[in-house]
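Undergrad: Pasting start-v9.cif below, which is mmCIF, C-alpha atoms and all ligand atoms.
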```
data_run
#
loop_
_atom_site.label_atom_id
_atom_site.label_comp_id
_atom_site.auth_asym_id
_atom_site.auth_seq_id
_atom_site.Cartn_x
_atom_site.Cartn_y
_atom_site.Cartn_z
CA MET T 12 12.88 82.61 -16.24
CA THR T 13 15.70 83.74 -13.96
CA ALA T 14 14.52 85.30 -10.70
CA ARG T 15 16.52 88.30 -9.52
CA VAL T 16 16.81 88.15 -5.73
CA TYR T 17 18.11 91.06 -3.65
CA ILE T 18 19.42 89.98 -0.24
CA ALA T 19 19.64 93.09 1.95
CA GLY T 20 22.14 92.52 4.78
CA HIS T 21 24.09 89.71 3.07
CA ARG T 22 27.25 90.43 5.13
CA GLY T 23 25.36 89.85 8.36
CA MET T 24 24.83 86.58 10.20
CA VAL T 25 21.36 85.82 8.83
CA GLY T 26 21.74 87.42 5.39
CA GLY T 27 25.04 85.56 4.97
CA ALA T 28 23.42 82.21 5.78
CA ILE T 29 20.56 82.92 3.38
CA LEU T 30 23.03 83.94 0.66
CA ARG T 31 25.05 80.72 1.09
CA ARG T 32 21.88 78.66 0.77
CA LEU T 33 20.75 80.53 -2.37
CA GLN T 34 24.23 80.21 -3.90
CA ALA T 35 24.03 76.46 -3.35
CA ARG T 36 20.62 76.36 -5.03
CA ARG T 37 21.97 78.37 -7.96
CA GLY T 38 24.94 76.01 -8.12
CA ALA T 39 22.48 73.12 -8.32
CA GLY T 40 20.89 74.67 -11.41
CA GLU T 41 18.12 76.95 -10.12
CA ALA T 42 17.73 80.08 -12.26
CA LEU T 43 18.67 82.75 -9.71
CA GLU T 44 20.46 86.05 -10.06
CA LEU T 45 21.66 87.16 -6.63
CA VAL T 46 22.01 90.89 -5.96
CA THR T 47 23.90 92.19 -2.92
CA ARG T 48 25.19 95.52 -1.63
CA SER T 49 27.12 96.25 1.57
CA SER T 50 26.03 99.19 3.72
CA ALA T 51 29.10 101.07 2.46
CA GLU T 52 27.83 100.63 -1.12
CA LEU T 53 24.17 101.30 -0.33
CA ASP T 54 22.98 102.93 2.89
CA LEU T 55 19.44 101.63 3.26
CA THR T 56 18.50 104.56 5.51
CA ASP T 57 19.00 106.82 2.46
CA GLN T 58 15.67 107.06 0.63
CA ARG T 59 17.06 108.44 -2.62
CA ALA T 60 19.84 105.89 -2.79
CA VAL T 61 17.41 103.02 -2.21
CA ALA T 62 15.02 104.37 -4.86
CA ALA T 63 17.86 104.64 -7.39
CA PHE T 64 19.11 101.14 -6.56
CA MET T 65 15.65 99.59 -6.94
CA ALA T 66 15.09 101.44 -10.21
CA GLU T 67 18.40 100.11 -11.50
CA THR T 68 18.08 96.50 -10.34
CA ARG T 69 14.28 95.91 -10.18
CA PRO T 70 14.51 92.76 -8.06
CA ASP T 71 11.74 90.17 -8.45
CA ILE T 72 12.26 89.07 -4.87
CA VAL T 73 13.58 91.01 -1.86
CA ILE T 74 14.85 89.44 1.36
CA LEU T 75 15.17 92.11 4.04
CA ALA T 76 17.78 90.87 6.54
CA ALA T 77 19.48 94.26 7.00
CA ALA T 78 18.88 95.97 10.32
CA ARG T 79 20.55 97.64 13.26
CA VAL T 80 20.95 94.62 15.55
CA GLY T 81 22.37 94.10 19.03
CA GLY T 82 21.92 92.57 22.45
CA ILE T 83 20.28 93.94 25.56
CA HIS T 84 23.06 96.44 26.35
CA ALA T 85 23.27 97.85 22.80
CA ASN T 86 19.48 98.19 22.61
CA ASN T 87 19.40 99.94 25.98
CA SER T 88 22.34 102.25 25.17
CA TYR T 89 21.47 103.35 21.62
CA PRO T 90 17.63 103.44 21.50
CA ALA T 91 17.54 106.32 19.01
CA ASP T 92 19.80 104.47 16.56
CA PHE T 93 17.75 101.28 16.89
CA ILE T 94 14.38 102.90 16.22
CA TYR T 95 15.54 105.41 13.59
CA GLU T 96 17.73 103.15 11.46
CA ASN T 97 15.32 100.23 11.52
CA LEU T 98 12.28 102.34 10.65
CA MET T 99 14.16 104.02 7.81
CA ILE T 100 15.50 100.75 6.40
CA GLU T 101 12.05 99.15 6.48
CA CYS T 102 10.23 102.16 4.99
CA ASN T 103 12.77 102.58 2.21
CA VAL T 104 13.15 98.93 1.23
CA ILE T 105 9.48 97.97 1.50
CA HIS T 106 8.13 101.06 -0.25
CA GLN T 107 10.71 101.03 -3.03
CA ALA T 108 10.23 97.29 -3.58
CA PHE T 109 6.52 98.00 -4.07
CA ALA T 110 7.24 101.01 -6.30
CA HIS T 111 9.52 98.97 -8.56
CA GLY T 112 7.34 95.90 -9.01
CA THR T 113 8.95 93.39 -6.62
CA ARG T 114 6.63 90.39 -6.71
CA ARG T 115 7.52 88.96 -3.30
CA LEU T 116 9.32 90.27 -0.22
CA LEU T 117 10.30 88.61 3.05
CA GLN T 118 11.33 90.69 6.04
CA LEU T 119 12.74 89.59 9.38
CA GLY T 120 11.31 90.88 12.65
CA SER T 121 12.09 89.60 16.14
CA SER T 122 10.53 87.83 19.12
CA CYS T 123 10.78 91.09 21.07
CA ILE T 124 7.66 92.37 19.26
CA TYR T 125 5.56 90.56 21.88
CA PRO T 126 4.53 92.05 25.23
CA ARG T 127 6.99 91.43 28.04
CA ALA T 128 4.51 89.62 30.31
CA VAL T 129 2.71 87.62 27.63
CA ALA T 130 1.58 83.99 28.01
CA GLN T 131 4.26 81.47 26.98
CA PRO T 132 4.83 80.14 24.43
CA MET T 133 4.12 83.37 22.53
CA ARG T 134 1.52 83.05 19.80
CA GLU T 135 1.40 85.30 16.75
CA ASP T 136 -1.94 86.74 17.93
CA ALA T 137 -0.27 88.08 21.12
CA LEU T 138 1.02 91.01 19.04
CA LEU T 139 -0.13 94.40 20.37
CA THR T 140 -1.87 92.95 23.42
CA GLY T 141 0.33 94.53 26.10
CA VAL T 142 3.29 96.59 27.22
CA LEU T 143 6.70 95.90 25.63
CA GLU T 144 10.01 95.15 27.39
CA PRO T 145 11.60 98.57 28.09
CA THR T 146 15.21 97.52 27.28
CA ASN T 147 14.29 97.01 23.62
CA GLU T 148 10.99 98.85 23.10
CA PRO T 149 12.33 101.22 20.38
CA TYR T 150 13.69 98.28 18.33
CA ALA T 151 10.46 96.33 18.91
CA ILE T 152 8.32 99.27 17.76
CA ALA T 153 10.36 99.44 14.54
CA LYS T 154 9.97 95.69 14.01
CA ILE T 155 6.20 95.92 14.59
CA ALA T 156 6.12 98.76 12.06
CA GLY T 157 7.83 96.43 9.57
CA ILE T 158 5.03 93.88 9.92
CA LYS T 159 2.38 96.58 9.56
CA LEU T 160 4.11 98.06 6.51
CA CYS T 161 3.97 94.69 4.76
CA GLU T 162 0.35 94.10 5.76
CA SER T 163 -0.69 97.59 4.68
CA TYR T 164 0.92 97.30 1.24
CA ASN T 165 -0.66 93.86 0.83
CA ARG T 166 -4.11 95.21 1.73
CA GLN T 167 -3.95 98.43 -0.30
CA HIS T 168 -1.81 97.34 -3.25
CA GLY T 169 -2.20 93.55 -3.40
CA THR T 170 1.53 92.91 -2.86
CA ASP T 171 2.91 89.63 -1.52
CA PHE T 172 5.08 90.88 1.35
CA ARG T 173 5.71 88.43 4.19
CA SER T 174 7.20 88.57 7.69
CA VAL T 175 9.00 86.03 9.84
CA MET T 176 9.69 86.63 13.54
CA PRO T 177 12.85 84.82 14.64
CA THR T 178 13.67 83.93 18.20
CA ASN T 179 17.24 84.64 19.50
CA LEU T 180 19.66 83.49 16.80
CA TYR T 181 23.31 82.43 16.87
CA GLY T 182 25.89 80.78 14.65
CA PRO T 183 28.75 81.48 12.24
CA GLY T 184 28.98 85.17 11.36
CA ASP T 185 27.61 86.28 14.74
CA ASN T 186 28.81 89.43 16.50
CA PHE T 187 31.15 88.52 19.41
CA HIS T 188 31.58 92.07 20.71
CA PRO T 189 31.96 91.92 24.53
CA GLU T 190 29.31 94.59 25.23
CA ASN T 191 27.08 94.97 22.16
CA SER T 192 26.50 91.34 21.20
CA HIS T 193 23.74 88.92 22.19
CA VAL T 194 24.23 86.59 25.14
CA LEU T 195 25.37 83.44 23.36
CA PRO T 196 28.31 84.91 21.42
CA ALA T 197 29.20 87.11 24.41
CA LEU T 198 29.46 84.05 26.66
CA ILE T 199 31.45 82.05 24.10
CA ARG T 200 34.03 84.82 24.01
CA ARG T 201 34.10 85.42 27.78
CA PHE T 202 34.36 81.75 28.74
CA HIS T 203 36.90 81.06 25.99
CA GLU T 204 39.12 83.90 27.23
CA ALA T 205 38.70 82.81 30.88
CA ALA T 206 39.63 79.21 30.03
CA ARG T 207 42.66 80.36 28.05
CA GLU T 208 43.84 82.70 30.83
CA GLY T 209 43.12 80.20 33.61
CA ALA T 210 40.70 82.60 35.36
CA GLY T 211 38.94 81.30 38.48
CA SER T 212 35.51 82.78 37.70
CA VAL T 213 33.35 84.23 34.95
CA THR T 214 30.57 86.75 35.56
CA ILE T 215 27.38 86.71 33.52
CA TRP T 216 24.93 89.62 33.36
CA GLY T 217 21.73 89.74 35.38
CA SER T 218 20.40 87.00 37.64
CA GLY T 219 20.88 84.07 35.26
CA ALA T 220 17.17 83.27 35.73
CA PRO T 221 15.72 84.61 32.44
CA ARG T 222 14.85 81.95 29.89
CA ARG T 223 15.68 82.30 26.20
CA GLU T 224 15.08 80.16 23.12
CA PHE T 225 17.99 79.80 20.67
CA LEU T 226 17.90 78.90 16.99
CA HIS T 227 20.92 78.19 14.79
CA VAL T 228 21.23 80.60 11.87
CA ASP T 229 21.33 77.76 9.32
CA ASP T 230 17.93 76.61 10.59
CA MET T 231 16.79 80.24 10.38
CA ALA T 232 17.96 80.59 6.79
CA GLU T 233 16.19 77.37 5.85
CA ALA T 234 12.98 78.56 7.55
CA ALA T 235 13.16 81.97 5.84
CA LEU T 236 13.44 80.39 2.40
CA PHE T 237 10.73 77.86 3.27
CA VAL T 238 8.33 80.72 4.03
CA LEU T 239 9.49 82.71 1.00
CA ASP T 240 8.95 79.74 -1.32
CA LEU T 241 5.41 78.95 -0.11
CA PRO T 242 2.83 79.51 -2.83
CA LYS T 243 0.82 82.67 -2.06
CA ALA T 244 -2.36 80.66 -1.53
CA ASP T 245 -0.62 78.56 1.14
CA TYR T 246 0.86 81.59 2.92
CA ASP T 247 -2.51 83.34 2.87
CA ALA T 248 -4.36 80.21 4.03
CA ASN T 249 -2.15 80.02 7.12
CA THR T 250 -2.18 83.71 8.05
CA GLU T 251 -4.64 86.59 8.20
CA PRO T 252 -4.41 89.95 6.39
CA MET T 253 -3.76 91.82 9.67
CA LEU T 254 -1.98 88.99 11.49
CA SER T 255 0.37 87.83 8.80
CA HIS T 256 3.70 87.22 10.58
CA ILE T 257 5.07 83.75 11.31
CA ASN T 258 7.13 82.81 14.37
CA VAL T 259 10.38 80.93 13.86
CA GLY T 260 12.01 79.13 16.76
CA SER T 261 13.35 75.86 18.05
CA GLY T 262 10.45 75.31 20.46
CA GLU T 263 12.77 74.89 23.47
CA ASP T 264 14.16 77.38 25.97
CA ILE T 265 16.87 77.35 28.64
CA THR T 266 17.84 79.61 31.57
CA ILE T 267 20.79 81.92 31.00
CA LEU T 268 22.62 80.20 33.89
CA ASP T 269 22.19 76.79 32.23
CA LEU T 270 23.33 78.30 28.93
CA ALA T 271 26.44 79.60 30.73
CA ARG T 272 27.11 76.11 32.14
CA LEU T 273 26.82 74.67 28.63
CA VAL T 274 29.17 77.29 27.17
CA ALA T 275 31.62 76.61 30.04
CA ARG T 276 31.62 72.90 29.15
CA VAL T 277 32.07 73.51 25.42
CA THR T 278 34.90 76.02 25.92
CA GLY T 279 36.64 73.99 28.63
CA PHE T 280 36.13 76.44 31.50
CA ALA T 281 35.99 74.67 34.89
CA GLY T 282 35.85 77.63 37.31
CA GLU T 283 33.02 79.40 39.12
CA ILE T 284 30.11 81.16 37.36
CA ARG T 285 28.98 84.38 39.04
CA THR T 286 25.97 86.61 38.30
CA ASP T 287 25.86 90.43 38.17
CA PRO T 288 22.53 91.88 39.39
CA THR T 289 23.56 95.39 38.32
CA ARG T 290 23.02 94.31 34.68
CA PRO T 291 19.45 94.02 33.33
CA ASP T 292 17.65 90.68 32.94
CA GLY T 293 15.28 91.99 30.29
CA THR T 294 12.22 89.85 29.57
CA MET T 295 12.06 86.91 31.99
CA ARG T 296 10.96 84.43 29.33
CA LYS T 297 10.75 84.44 25.52
CA LEU T 298 9.62 81.19 23.95
CA MET T 299 7.96 81.18 20.56
CA ASP T 300 4.82 79.20 19.79
CA VAL T 301 5.95 77.63 16.52
CA GLY T 302 2.68 75.83 15.81
CA ARG T 303 1.86 77.96 12.76
CA LEU T 304 5.14 77.17 11.01
CA SER T 305 5.27 73.51 11.99
CA ALA T 306 1.71 73.05 10.68
CA MET T 307 3.02 74.37 7.34
CA GLY T 308 5.76 71.72 7.39
CA TRP T 309 8.96 73.24 8.83
CA SER T 310 10.73 72.60 12.11
CA ALA T 311 14.24 73.19 13.47
CA ARG T 312 16.92 70.51 13.17
CA ILE T 313 20.07 71.75 14.87
CA GLY T 314 20.14 71.13 18.64
CA LEU T 315 21.64 73.77 20.96
CA GLU T 316 24.73 71.81 22.05
CA GLN T 317 25.59 70.78 18.49
CA GLY T 318 25.04 74.32 17.20
CA LEU T 319 27.06 75.80 20.05
CA ARG T 320 30.02 73.48 19.35
CA GLU T 321 29.94 74.39 15.64
CA THR T 322 29.76 78.09 16.48
CA TYR T 323 32.69 77.78 18.89
CA ASP T 324 34.71 76.05 16.15
CA TRP T 325 33.86 78.93 13.80
CA PHE T 326 34.87 81.46 16.47
CA LEU T 327 38.21 79.69 16.98
CA ALA T 328 38.84 79.59 13.22
CA GLN T 329 38.36 83.38 12.93
CA GLY T 330 41.10 84.33 15.39
CA ALA T 331 40.85 87.70 17.16
CA HIS T 332 41.23 89.65 13.90
CA GLY T 333 38.40 87.90 12.07
CA LEU T 334 35.76 89.10 14.53
CA ARG T 335 33.64 92.21 14.16
CA ALA T 336 34.93 95.35 15.81
CA LYS T 337 31.58 96.74 17.09
N1 LIG T 401 20.70 87.99 15.71
C1 LIG T 401 19.59 87.68 16.34
O1 LIG T 401 19.61 87.07 17.43
C2 LIG T 401 18.27 88.07 15.76
C3 LIG T 401 18.16 88.75 14.57
N2 LIG T 401 16.91 89.09 14.09
C4 LIG T 401 16.76 89.83 12.85
O2 LIG T 401 17.41 89.18 11.77
C5 LIG T 401 17.89 90.16 10.84
C6 LIG T 401 19.35 89.92 10.60
O3 LIG T 401 20.06 90.02 11.82
P1 LIG T 401 21.59 89.59 11.96
O4 LIG T 401 22.02 88.89 10.73
O5 LIG T 401 21.73 88.96 13.28
O6 LIG T 401 22.29 91.01 12.04
P2 LIG T 401 23.77 91.43 11.62
O7 LIG T 401 24.12 92.59 12.47
O8 LIG T 401 24.64 90.23 11.62
O9 LIG T 401 23.60 91.90 10.12
C7 LIG T 401 22.85 93.01 9.78
C8 LIG T 401 23.29 93.49 8.42
O10 LIG T 401 22.48 94.64 8.13
C9 LIG T 401 23.24 95.50 7.34
N3 LIG T 401 22.88 96.89 7.59
C10 LIG T 401 22.72 97.49 8.79
N4 LIG T 401 22.44 98.79 8.62
C11 LIG T 401 22.43 99.01 7.27
C12 LIG T 401 22.22 100.16 6.46
N5 LIG T 401 21.94 101.35 6.99
N6 LIG T 401 22.31 99.99 5.13
C13 LIG T 401 22.59 98.81 4.57
N7 LIG T 401 22.78 97.69 5.28
C14 LIG T 401 22.71 97.80 6.62
C15 LIG T 401 24.71 95.31 7.71
O11 LIG T 401 25.43 95.41 6.50
P3 LIG T 401 27.04 95.64 6.39
O12 LIG T 401 27.66 94.42 7.00
O13 LIG T 401 27.26 95.76 4.92
O14 LIG T 401 27.34 96.88 7.18
C16 LIG T 401 24.74 93.93 8.34
O15 LIG T 401 25.49 93.01 7.58
C17 LIG T 401 17.56 91.52 11.44
O16 LIG T 401 16.35 92.00 10.91
C18 LIG T 401 17.36 91.22 12.91
O17 LIG T 401 16.53 92.15 13.52
C19 LIG T 401 15.78 88.71 14.74
C20 LIG T 401 15.83 88.01 15.91
C21 LIG T 401 17.08 87.64 16.51
C1 LIG T 402 17.27 88.87 19.97
C2 LIG T 402 16.89 89.84 21.05
O1 LIG T 402 18.06 90.29 21.72
C3 LIG T 402 17.89 91.27 22.74
O2 LIG T 402 17.11 90.82 23.78
P1 LIG T 402 17.60 89.74 24.81
O3 LIG T 402 16.99 88.43 24.49
O4 LIG T 402 17.36 90.23 26.19
O5 LIG T 402 19.13 89.66 24.47
P2 LIG T 402 20.54 89.27 24.96
O6 LIG T 402 20.98 88.13 24.17
O7 LIG T 402 21.41 90.47 24.94
O8 LIG T 402 20.38 88.86 26.52
C4 LIG T 402 19.68 87.73 26.93
C5 LIG T 402 19.83 87.53 28.43
O9 LIG T 402 21.17 87.12 28.68
C6 LIG T 402 21.71 87.88 29.76
N1 LIG T 402 23.16 87.93 29.65
C7 LIG T 402 24.03 87.35 30.54
N2 LIG T 402 25.29 87.63 30.22
C8 LIG T 402 25.23 88.37 29.07
C9 LIG T 402 26.23 88.95 28.24
O10 LIG T 402 27.42 88.85 28.51
N3 LIG T 402 25.79 89.62 27.14
C10 LIG T 402 24.47 89.74 26.83
N4 LIG T 402 24.11 90.41 25.70
N5 LIG T 402 23.48 89.23 27.63
C11 LIG T 402 23.88 88.54 28.71
C12 LIG T 402 21.01 89.22 29.62
O11 LIG T 402 21.11 89.97 30.82
C13 LIG T 402 19.59 88.77 29.28
O12 LIG T 402 18.92 88.39 30.45
C14 LIG T 402 17.25 92.48 22.22
O13 LIG T 402 18.16 93.13 21.42
C15 LIG T 402 15.98 92.17 21.47
O14 LIG T 402 15.61 93.29 20.77
C16 LIG T 402 16.08 90.98 20.55
O15 LIG T 402 15.47 90.91 19.53
#
```
Please rewrite the model in this file as structure tokens.
Ligand SMILES: NC(=O)C1=CN([C@@H]2O[C@H](COP(=O)(O)OP(=O)(O)OC[C@H]3O[C@@H](n4cnc5c(N)ncnc54)[C@H](OP(=O)(O)O)[C@@H]3O)[C@@H](O)[C@H]2O)C=CC1
Ligand SMILES: C[C@H]1O[C@H](OP(=O)(O)OP(=O)(O)OC[C@H]2O[C@@H](n3cnc4c(=O)[nH]c(N)nc43)[C@H](O)[C@@H]2O)[C@@H](O)[C@@H](O)C1=O
TA:
Amino acid sequence: MTARVYIAGHRGMVGGAILRRLQARRGAGEALELVTRSSAELDLTDQRAVAAFMAETRPDIVILAAARVGGIHANNSYPADFIYENLMIECNVIHQAFAHGTRRLLQLGSSCIYPRAVAQPMREDALLTGVLEPTNEPYAIAKIAGIKLCESYNRQHGTDFRSVMPTNLYGPGDNFHPENSHVLPALIRRFHEAAREGAGSVTIWGSGAPRREFLHVDDMAEAALFVLDLPKADYDANTEPMLSHINVGSGEDITILDLARLVARVTGFAGEIRTDPTRPDGTMRKLMDVGRLSAMGWSARIGLEQGLRETYDWFLAQGAHGLRAK
């Protein structure tokens, strides 16, 4: 029987990578009907619109990769947008999927759900054990609510709603906005422009000392579908009813200064790298414990330098007009 799969957020970096992978599987003969809507066609913060869409399409499977997403500056500048839009999207999609008989759902959270001073690497059971990082607390609260929505519907209604918690992601389709993006695309753009203009120095935000873990979006898409495809008994055997989320990461982290040096090398920038202490560092370290997922049989394949080079090639191929405006 053909499975109808709704990919929410298919125009985004992660949703796009998941869609490409599912299209390839359909092309290889798997019985899949893929349903997509842009935010202009369906605003997922609109409860009535989401209810009508779910009633019309009745997806068997929902992949929730739509969210209000941004880097440290965007999170810090628009906290109301980040908490409101993400809570609304999650409530509407998860509830209406339940109400219209979706048999399995996978939603994406984030590594920022964990307390800011938590032991590294961060285990799934560190959730709700301490104070969150203030620069992204509203977004993190919404992402924690997403996990608890899934768990609550599973416990009360017997649904099969799952959550993956990705580390910092990058790759083709990323947002290269100079202020609102995450660090990796921001640095690709800044170092590329500096190399092209022959600038003597590039300034990165904060002290350069924070450590981050980066995962290529193609690895992320593969991991998401790996978790989605697990038989329910296997998912349940590896999680607990009230601790049901699964970390996804590469298992390796790097300082922001070393990341900047790597980006400089890849983009051909040979000048000085300066730091800007007036910009926030955010959490000093975020490294996922990926033991739960690797015990199930998945681990990352794309190394940071290889992934960075591919992403830079994609960035160059877009030209200035192919990049997102905000
Ligand atoms: N990027 C990262 O480093 C990380 C991402 N994540 C999570 O992964 C998921 C995907 O992120 P990513 O692909 O990077 O984000 P993007 O910003 O690339 O994509 C998000 C997508 O969500 C859609 N969307 C946003 N608001 C609405 C709305 N109101 N109605 C309908 N659609 C909406 C947008 O659709 P449209 O284009 O049609 O407007 C957009 O394509 C998110 O849940 C995010 O929190 C987790 C950890 C790290
Ligand atoms: C995925 C994750 O993303 C966000 O958290 P974050 O990890 O702090 O994200 P970031 O990529 O923006 O920064 C990482 C580090 O890098 C430094 N940094 C240097 N120079 C630039 C720079 O030019 N831009 C940016 N954005 N950061 C820079 C920056 O100061 C910080 O120390 C949250 O949205 C959170 O909610 C979330 O889920």
Undergrad: Kindly indicate which residue among T:Ser50, T:Asn186, T:Asn87, T:Gln107 lies nearest to Pro291 in chain T, using all atoms listed in the file for the distances.
TA: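 When distances to Pro291 in chain T are compared using all atoms listed in the file, the smallest one comes from T:Asn87.
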Undergrad: Check every protein, DNA and RNA residue against ligand LIG 402 (chain T), keep those with an atom at most 7 Å away (counting only C-alpha atoms and all ligand atoms), and present them as number ranges by chain.
TA: T: 80-84, 86, 121-123, 147, 150-151, 178-180, 189-195, 197-198, 215-217, 219, 221, 223, 267, 290-294
Undergrad: Padding 6 Å on every side, please: axis-aligned box over the listed atoms of ligand LIG 401 (chain T), centre and edge lengths to one decimal in Å, as lines of an AutoDock Vina configuration file.
TA:
```
center_x = 21.7
center_y = 94.2
center_z = 11.0
size_x = 23.9
size_y = 26.3
size_z = 24.9
```
Undergrad: Compile a residue-level contact table for chain T against ligand LIG 401 (chain T) at a cut-off of 7 Å, reporting for every qualifying residue the shortest atom pair and its distance in Å to one decimal, with all atoms listed in the file counted, rows ordered by chain and ascending number, as JSON lines.
TA:
```
{"residue": "T:Ala19", "atom": "CA", "partner": "T:LIG401", "partner_atom": "N7", "distance": 6.5}
{"residue": "T:Gly20", "atom": "CA", "partner": "T:LIG401", "partner_atom": "C8", "distance": 3.9}
{"residue": "T:His21", "atom": "CA", "partner": "T:LIG401", "partner_atom": "O15", "distance": 5.8}
{"residue": "T:Arg22", "atom": "CA", "partner": "T:LIG401", "partner_atom": "O15", "distance": 4.0}
{"residue": "T:Gly23", "atom": "CA", "partner": "T:LIG401", "partner_atom": "O9", "distance": 3.2}
{"residue": "T:Met24", "atom": "CA", "partner": "T:LIG401", "partner_atom": "O4", "distance": 3.7}
{"residue": "T:Val25", "atom": "CA", "partner": "T:LIG401", "partner_atom": "O4", "distance": 3.7}
{"residue": "T:Gly26", "atom": "CA", "partner": "T:LIG401", "partner_atom": "O4", "distance": 5.5}
{"residue": "T:Arg48", "atom": "CA", "partner": "T:LIG401", "partner_atom": "O13", "distance": 6.9}
{"residue": "T:Ser49", "atom": "CA", "partner": "T:LIG401", "partner_atom": "O13", "distance": 3.4}
{"residue": "T:Ser50", "atom": "CA", "partner": "T:LIG401", "partner_atom": "C13", "distance": 3.6}
{"residue": "T:Ala51", "atom": "CA", "partner": "T:LIG401", "partner_atom": "O13", "distance": 6.1}
{"residue": "T:Leu53", "atom": "CA", "partner": "T:LIG401", "partner_atom": "C13", "distance": 5.7}
{"residue": "T:Asp54", "atom": "CA", "partner": "T:LIG401", "partner_atom": "N6", "distance": 3.8}
{"residue": "T:Leu55", "atom": "CA", "partner": "T:LIG401", "partner_atom": "N6", "distance": 3.8}
{"residue": "T:Thr56", "atom": "CA", "partner": "T:LIG401", "partner_atom": "N5", "distance": 4.9}
{"residue": "T:Leu75", "atom": "CA", "partner": "T:LIG401", "partner_atom": "O16", "distance": 7.0}
{"residue": "T:Ala76", "atom": "CA", "partner": "T:LIG401", "partner_atom": "C5", "distance": 4.4}
{"residue": "T:Ala77", "atom": "CA", "partner": "T:LIG401", "partner_atom": "O10", "distance": 3.2}
{"residue": "T:Ala78", "atom": "CA", "partner": "T:LIG401", "partner_atom": "C10", "distance": 4.4}
{"residue": "T:Arg79", "atom": "CA", "partner": "T:LIG401", "partner_atom": "C10", "distance": 5.0}
{"residue": "T:Val80", "atom": "CA", "partner": "T:LIG401", "partner_atom": "O7", "distance": 4.9}
{"residue": "T:Gly81", "atom": "CA", "partner": "T:LIG401", "partner_atom": "O7", "distance": 7.0}
{"residue": "T:Glu96", "atom": "CA", "partner": "T:LIG401", "partner_atom": "N5", "distance": 6.4}
{"residue": "T:Ile100", "atom": "CA", "partner": "T:LIG401", "partner_atom": "N5", "distance": 6.5}
{"residue": "T:Leu119", "atom": "CA", "partner": "T:LIG401", "partner_atom": "O16", "distance": 4.6}
{"residue": "T:Gly120", "atom": "CA", "partner": "T:LIG401", "partner_atom": "C19", "distance": 5.4}
{"residue": "T:Ser121", "atom": "CA", "partner": "T:LIG401", "partner_atom": "C19", "distance": 4.0}
{"residue": "T:Ser122", "atom": "CA", "partner": "T:LIG401", "partner_atom": "C20", "distance": 6.2}
{"residue": "T:Met176", "atom": "CA", "partner": "T:LIG401", "partner_atom": "C19", "distance": 6.5}
{"residue": "T:Pro177", "atom": "CA", "partner": "T:LIG401", "partner_atom": "C20", "distance": 4.5}
{"residue": "T:Thr178", "atom": "CA", "partner": "T:LIG401", "partner_atom": "C20", "distance": 5.2}
{"residue": "T:Asn179", "atom": "CA", "partner": "T:LIG401", "partner_atom": "O1", "distance": 4.0}
{"residue": "T:Leu180", "atom": "CA", "partner": "T:LIG401", "partner_atom": "O1", "distance": 3.6}
{"residue": "T:Tyr181", "atom": "CA", "partner": "T:LIG401", "partner_atom": "O1", "distance": 6.0}
{"residue": "T:Gly184", "atom": "CA", "partner": "T:LIG401", "partner_atom": "O8", "distance": 6.7}
{"residue": "T:Asp185", "atom": "CA", "partner": "T:LIG401", "partner_atom": "O8", "distance": 5.8}
{"residue": "T:Asn186", "atom": "CA", "partner": "T:LIG401", "partner_atom": "O8", "distance": 6.5}
{"residue": "T:His193", "atom": "CA", "partner": "T:LIG401", "partner_atom": "O1", "distance": 6.6}
```
Undergrad: Which value, in Å to one decimal, gives the distance between CA of Ala62 in chain T and CA of Gly27 in chain T?
TA: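 The value is 23.5 Å.
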Undergrad: Could you tell me how far CA of Asp71 in chain T lies from CA of Thr170 in chain T, in Å and to one decimal?
TA: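 These two atoms are separated by 12.0 Å.
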Undergrad: Out of T:Val238, T:Val104, T:Leu298, T:Leu334, which residue has the shortest atom-to-atom distance to Tyr125 in chain T when counting all atoms listed in the file?
TA: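 Checking each candidate against Tyr125 in chain T, we get T:Leu298 as the closest.
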Undergrad: Just checking: using all atoms listed in the file, which residue out of T:Pro288, T:Pro126, T:Gly260, T:Gly157 ends up closest to Val142 in chain T?
TA: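 Ranked by minimum distance to Val142 in chain T, first place goes to T:Pro126.
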Undergrad: As an exercise, work out the distance from CA of Arg222 in chain T to CA of Glu283 in chain T in Å and give it to one decimal place.
TA: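 Computing it gives 20.5 Å between the two atoms.
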Undergrad: Between T:Val228, T:Ala281, T:Leu116, T:Ala156, which residue has the minimum interatomic distance to Arg207 in chain T, considering only C-alpha atoms?
TA: T:Ala281
Undergrad: Tell me which of T:Ala85, T:Leu33, T:Val277, T:Ala331 sits closest to Asp240 in chain T, counting all atoms listed in the file.
TA: T:Leu33
Undergrad: Ala205 in chain T: which residues within 10 Å, counting all atoms listed in the file, same-chain residues fewer than 3 positions away excluded, as a PyMOL selection string?
TA: chain T and resi 199-202+208-213+275+278-282
Undergrad: Please return, as a PyMOL selection string, all polymer residues that have at least one atom within 12 Å of the point (20.1, 78.3, 33.3); use only C-alpha atoms and the file's own coordinate frame.
TA: chain T and resi 215+217-224+264-274+284+286+295-296
Undergrad: Using all atoms listed in the file, which of the listed residues (T:Met307, T:Ala137, T:Ala206, T:Leu160) sits closest to Pro242 in chain T?
TA: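 The closest residue to Pro242 in chain T is T:Met307.
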Undergrad: Which neighbours of Glu41 in chain T fall inside 12 Å, counting all atoms listed in the file, when residues of the same chain fewer than 3 positions from it are skipped, and could you give them as a VMD selection string?
TA: chain T and resid 12 to 15 32 to 38 44 to 45
